[in-house]
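**Student:** Below: one structure in structure tokens.
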Amino acid sequence: MAGMCVLMHAQGASRDSARVQSPQPKQAEVYQGTTVRVDLLNPILDLARSGWHTYSAEAAVNARFIYRLFPTIELGYAGAFLQQKDAATPLYNGSGEFVRVGLDINPLKKHPEQRSAMLIGVRVGTGWQKMQTPALLAEVPQGKWITDAWGEIVAGVQVDIYKGFNMGWAVRMKFLFTTNSHDELTTPYYIPGFGYRDTMSWGFNYYLGYTF
């Protein structure tokens, strides 16, 4: 009887030891880092355009959650200028800031070691600018601040290249919300963050970034 008790005690101790030593399942990490990206393409395209002189600069910040979700904010400054030869005032001058916010989803299979991603998402954007035209300056000598808003469908990639540095591109289909929000004097030809005014517009970005 004593021997059986010793055996049962040893088996129980062995089971307790196994429970202590067996590795616990690792909980999935929710947050995988934040990426800061700068657009390199559009400033170059602005230099190549003729007729209208446009200029823009923008940066984006996104955070990565559960390897798949990328909430994103994009900030920038842009404008357009058109000067007719020998004219006393520009035919058009408008510039200002813009912001876009949205969410990207990575449809690829989740993998803890895979930092590159395919991104498909949506944005809501708004841009505000001070606009000046000869007709507008005749009524408002300082020009006038105006605001526009739009939505976007975005697709692109973010590829890890070396020790946190990454590059990628994004294609945008933009839909203007404020199509009838301005009168004849304050309807802009160009909208910061959207581009030349139309009900629908396309955009393209090429980014260089770093993930913290």
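Numbering starts fresh at 1 for the residues of each chain in the structure tokens, the chains themselves are lettered A, B, ... in the order given, and ligands are numbered from 1 as they appear.
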Could you go through stretch 95-169 of chain A and tell me which residues DSSP, when run on the backbone, assigns to strand (DSSP E or B), listing them as number ranges by chain?
**Tutor:** A: 95-105, 117-132, 144-162, 165-169
**Student:** Let's see if you can do this: from backbone DSSP, list all alpha helix (DSSP H) residues in stretch 44-100 of chain A, as a PDB file with N, CA and C atoms, in the first residue's frame.
**Tutor:**
```pdb
ATOM      1  N   ILE A  44       8.117  65.563 -58.628  1.00  0.00           N
ATOM      2  CA  ILE A  44       8.795  65.440 -59.916  1.00  0.00           C
ATOM      3  C   ILE A  44       7.824  65.688 -61.071  1.00  0.00           C
ATOM      4  N   LEU A  45       6.606  65.125 -60.969  1.00  0.00           N
ATOM      5  CA  LEU A  45       5.606  65.356 -62.010  1.00  0.00           C
ATOM      6  C   LEU A  45       5.222  66.827 -62.103  1.00  0.00           C
ATOM      7  N   ASP A  46       5.189  67.513 -60.968  1.00  0.00           N
ATOM      8  CA  ASP A  46       4.864  68.948 -60.981  1.00  0.00           C
ATOM      9  C   ASP A  46       5.887  69.733 -61.790  1.00  0.00           C
ATOM     10  N   LEU A  47       7.158  69.359 -61.693  1.00  0.00           N
ATOM     11  CA  LEU A  47       8.199  70.058 -62.445  1.00  0.00           C
ATOM     12  C   LEU A  47       8.076  69.811 -63.941  1.00  0.00           C
ATOM     13  N   ALA A  48       7.506  68.648 -64.309  1.00  0.00           N
ATOM     14  CA  ALA A  48       7.420  68.276 -65.722  1.00  0.00           C
ATOM     15  C   ALA A  48       6.194  68.853 -66.414  1.00  0.00           C
TER      16      ALA A  48
END
```
**Student:** Please provide the set of residues having any atom within 10 Å of A:Thr211, restricted to only C-alpha atoms, with same-chain residues fewer than 3 positions apart removed, written as a PyMOL selection string.
**Tutor:** chain A and resi 32-37+61-64+115+160+163-166
**Student:** Using the selection just defined, write its residues with N, CA and C atoms as a compact mmCIF listing (two decimals), in the first residue's frame.
**Tutor:**
```
# COMPACT_ATOMS: atom_id res chain seq x y z
N GLN A 32 2.00 46.09 -34.63
CA GLN A 32 3.26 45.69 -35.24
C GLN A 32 4.12 46.85 -35.73
N GLY A 33 3.80 48.07 -35.38
CA GLY A 33 4.67 49.17 -35.74
C GLY A 33 3.97 50.29 -36.49
N THR A 34 4.68 51.41 -36.63
CA THR A 34 4.19 52.60 -37.33
C THR A 34 5.15 52.97 -38.45
N THR A 35 4.61 53.30 -39.61
CA THR A 35 5.42 53.65 -40.78
C THR A 35 5.18 55.10 -41.18
N VAL A 36 6.25 55.83 -41.40
CA VAL A 36 6.19 57.20 -41.92
C VAL A 36 6.69 57.16 -43.37
N ARG A 37 5.90 57.72 -44.29
CA ARG A 37 6.24 57.66 -45.72
C ARG A 37 6.18 59.06 -46.34
N VAL A 61 1.32 58.60 -42.62
CA VAL A 61 1.65 57.79 -41.44
C VAL A 61 0.60 56.70 -41.31
N ASN A 62 1.06 55.45 -41.21
CA ASN A 62 0.11 54.38 -40.94
C ASN A 62 0.63 53.48 -39.83
N ALA A 63 -0.28 52.88 -39.10
CA ALA A 63 0.05 51.91 -38.06
C ALA A 63 -0.48 50.55 -38.47
N ARG A 64 0.24 49.50 -38.04
CA ARG A 64 -0.14 48.15 -38.45
C ARG A 64 -0.67 47.38 -37.24
N ARG A 115 6.82 41.61 -43.37
CA ARG A 115 6.56 43.03 -43.15
C ARG A 115 6.01 43.71 -44.40
N ASP A 160 9.02 45.94 -47.72
CA ASP A 160 10.18 46.11 -46.86
C ASP A 160 11.45 45.88 -47.69
N LYS A 163 16.18 46.78 -43.24
CA LYS A 163 16.25 47.23 -41.85
C LYS A 163 15.24 48.33 -41.53
N GLY A 164 14.00 48.08 -41.82
CA GLY A 164 12.94 49.03 -41.50
C GLY A 164 12.59 49.99 -42.63
N PHE A 165 13.48 50.18 -43.58
CA PHE A 165 13.16 51.03 -44.73
C PHE A 165 12.26 50.28 -45.71
N ASN A 166 11.31 50.99 -46.28
CA ASN A 166 10.38 50.37 -47.21
C ASN A 166 10.02 51.35 -48.31
```
**Student:** Looking at only C-alpha atoms, which of A:Ala78, A:Ala135, A:Ala117, A:Ala59 is the one that sits closest to A:Gly168?
**Tutor:**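 Nearest candidate to A:Gly168 out of A:Ala78, A:Ala135, A:Ala117, A:Ala59: A:Ala117.
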**Student:** Please identify all polymer residues within 9 Å of A:Val124, counting only C-alpha atoms, omitting same-chain residues fewer than 4 positions from it, and present them as a PDB file with C-alpha atoms, in the first residue's frame.
**Tutor:**
```pdb
ATOM      1  CA  VAL A  99      -5.596  65.891 -45.089  1.00  0.00           C
ATOM      2  CA  ARG A 100      -6.856  62.396 -45.852  1.00  0.00           C
ATOM      3  CA  VAL A 101      -7.803  59.746 -43.296  1.00  0.00           C
ATOM      4  CA  GLY A 102      -8.811  56.143 -43.889  1.00  0.00           C
ATOM      5  CA  ALA A 149     -14.052  67.361 -49.754  1.00  0.00           C
ATOM      6  CA  TRP A 150     -13.835  64.018 -51.545  1.00  0.00           C
ATOM      7  CA  GLY A 151     -13.616  60.256 -51.105  1.00  0.00           C
ATOM      8  CA  GLU A 152     -11.076  57.785 -52.470  1.00  0.00           C
TER       9      GLU A 152
END
```
**Student:** Using only C-alpha atoms, which of A:Ala80, A:Ile146, A:Ile153, A:Ile161 sits nearest A:Ser116?
**Tutor:**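 Going through A:Ala80, A:Ile146, A:Ile153, A:Ile161 one by one, the smallest distance to A:Ser116 is for A:Ile161.
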**Student:** Quick one, how far is atom CA of A:Val157 from atom CA of A:Glu113?
**Tutor:**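 Atom-to-atom, atom CA of A:Val157 and atom CA of A:Glu113 are spaced 16.7 Å apart.
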**Student:** Name the closest residue to A:Trp169 among the candidates A:Pro134, A:Gly143, A:Pro192, A:Gly209; distances are taken between atoms, counting only C-alpha atoms.
**Tutor:**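 For A:Trp169, the nearest of the given residues is A:Gly209.
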**Student:** Provide the atom CA of A:Gly76 to atom CA of A:Leu136 distance in Å, to one decimal place.
**Tutor:** 25.5 Å
**Student:** Considering only C-alpha atoms, can you say which of A:Gly203, A:Pro90, A:Gly125, A:Pro43 comes closest to A:Ile73?
**Tutor:**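 Selected residue with least distance to A:Ile73: A:Gly125.
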**Student:** Out of A:Asn205, A:Tyr190, A:Glu184, A:Asn42, which residue has the shortest atom-to-atom distance to A:Leu82 when counting only C-alpha atoms?
**Tutor:**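 Of all the options, A:Tyr190 lies closest to A:Leu82.
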**Student:** Identify which of the residues A:Val140, A:Met173, A:Leu75, A:Leu69 lies closest to A:Trp202, counting only C-alpha atoms when measuring atom-to-atom distances.
**Tutor:**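 Nearest candidate to A:Trp202 out of A:Val140, A:Met173, A:Leu75, A:Leu69: A:Met173.
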